[in-house]
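One structure is given below, encoded as structure tokens.
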Amino acid sequence: MRGPSPFWIVKCPDCSTEQTIFSRPATTVNCTVCGATLATPTGGRAKLRGELLRTAGA
């Protein structure tokens with residue numbers, strides 16, 4: 001049995017670019033286009049600033 005996917009597809013709140021990120025990042029995740037913060041680490045699942053669109057298959 002599979003667990004939830006460890007990857008998320010997130011929409012940047014500033015430039016609307018979609019980016020795949022790890023759901024439990026160790027460092028802050030920034031948009032590759034405009035540099036805006038998409039997610040910050042919490043010790044577990046990331047705290048999102050961007051919009052979660054869907055999960056990506058593992």
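Following the order of the structure tokens, first chain is A, next is B, and so on, with residues numbered from 1 inside each chain and ligands from 1 in the order they appear.
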
Show which residues sit within 10 Å of Cys15 of chain A, as a ChimeraX atom specification. Count only C-alpha atoms, and ignore same-chain residues fewer than 3 positions away.
-> /A:11-12,18,31,33-36

Restricting the output to N, CA and C atoms, write the selected residues as a PDB file, in the first residue's frame.
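Saved to again_2.pdb:
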ATOM      1  N   LYS A  11       1.417  26.520  -6.956  1.00  0.00           N
ATOM      2  CA  LYS A  11       1.349  27.711  -7.808  1.00  0.00           C
ATOM      3  C   LYS A  11       1.918  28.896  -7.048  1.00  0.00           C
ATOM      4  N   CYS A  12       2.854  29.604  -7.668  1.00  0.00           N
ATOM      5  CA  CYS A  12       3.479  30.769  -7.045  1.00  0.00           C
ATOM      6  C   CYS A  12       2.441  31.877  -6.874  1.00  0.00           C
ATOM      7  N   GLU A  18       3.799  27.248 -11.991  1.00  0.00           N
ATOM      8  CA  GLU A  18       3.631  25.993 -11.266  1.00  0.00           C
ATOM      9  C   GLU A  18       4.998  25.345 -11.068  1.00  0.00           C
ATOM     10  N   CYS A  31      10.478  30.194  -5.593  1.00  0.00           N
ATOM     11  CA  CYS A  31      10.075  30.088  -6.988  1.00  0.00           C
ATOM     12  C   CYS A  31      11.312  30.218  -7.869  1.00  0.00           C
ATOM     13  N   VAL A  33      11.313  31.146 -10.926  1.00  0.00           N
ATOM     14  CA  VAL A  33      11.143  32.237 -11.880  1.00  0.00           C
ATOM     15  C   VAL A  33      11.340  33.601 -11.226  1.00  0.00           C
ATOM     16  N   CYS A  34      10.590  33.866 -10.142  1.00  0.00           N
ATOM     17  CA  CYS A  34      10.631  35.205  -9.544  1.00  0.00           C
ATOM     18  C   CYS A  34      11.313  35.259  -8.178  1.00  0.00           C
ATOM     19  N   GLY A  35      11.601  34.100  -7.573  1.00  0.00           N
ATOM     20  CA  GLY A  35      12.295  34.068  -6.291  1.00  0.00           C
ATOM     21  C   GLY A  35      11.401  34.191  -5.067  1.00  0.00           C
ATOM     22  N   ALA A  36      10.085  34.256  -5.251  1.00  0.00           N
ATOM     23  CA  ALA A  36       9.162  34.353  -4.114  1.00  0.00           C
ATOM     24  C   ALA A  36       9.212  33.075  -3.281  1.00  0.00           C
TER      25      ALA A  36
END

Selection near Pro13 of chain A, 9 Å with only C-alpha atoms, sequence-local residues under 2 positions removed, as a PyMOL selection string = chain A and resi 11+15-17+36-38+49-51

Can you write out the residues you just picked, keeping C-alpha atoms, as a compact mmCIF listing (two decimals), in the first residue's frame?
# COMPACT_ATOMS: atom_id res chain seq x y z
CA LYS A 11 1.35 27.71 -7.81
CA CYS A 15 3.98 35.04 -10.84
CA SER A 16 1.52 32.08 -11.07
CA THR A 17 4.23 29.64 -12.21
CA ALA A 36 9.16 34.35 -4.11
CA THR A 37 8.91 32.01 -1.12
CA LEU A 38 6.67 29.03 -1.90
CA ARG A 49 2.66 30.38 0.88
CA GLY A 50 1.78 29.28 -2.64
CA GLU A 51 -1.41 27.48 -3.62

Closest of A:Leu48, A:Pro25, A:Ala56, A:Pro41 to Phe7 of chain A - atom-to-atom distances counting only C-alpha atoms |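 Of A:Leu48, A:Pro25, A:Ala56, A:Pro41, the one nearest Phe7 of chain A, counting only C-alpha atoms, is A:Ala56.
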
Can you list, as a PyMOL selection string, all residues belonging to chain A that DSSP tags as strand (DSSP E or B)?
-> chain A and resi 7-11+18-22+29-30+37-40+47-48+51-56
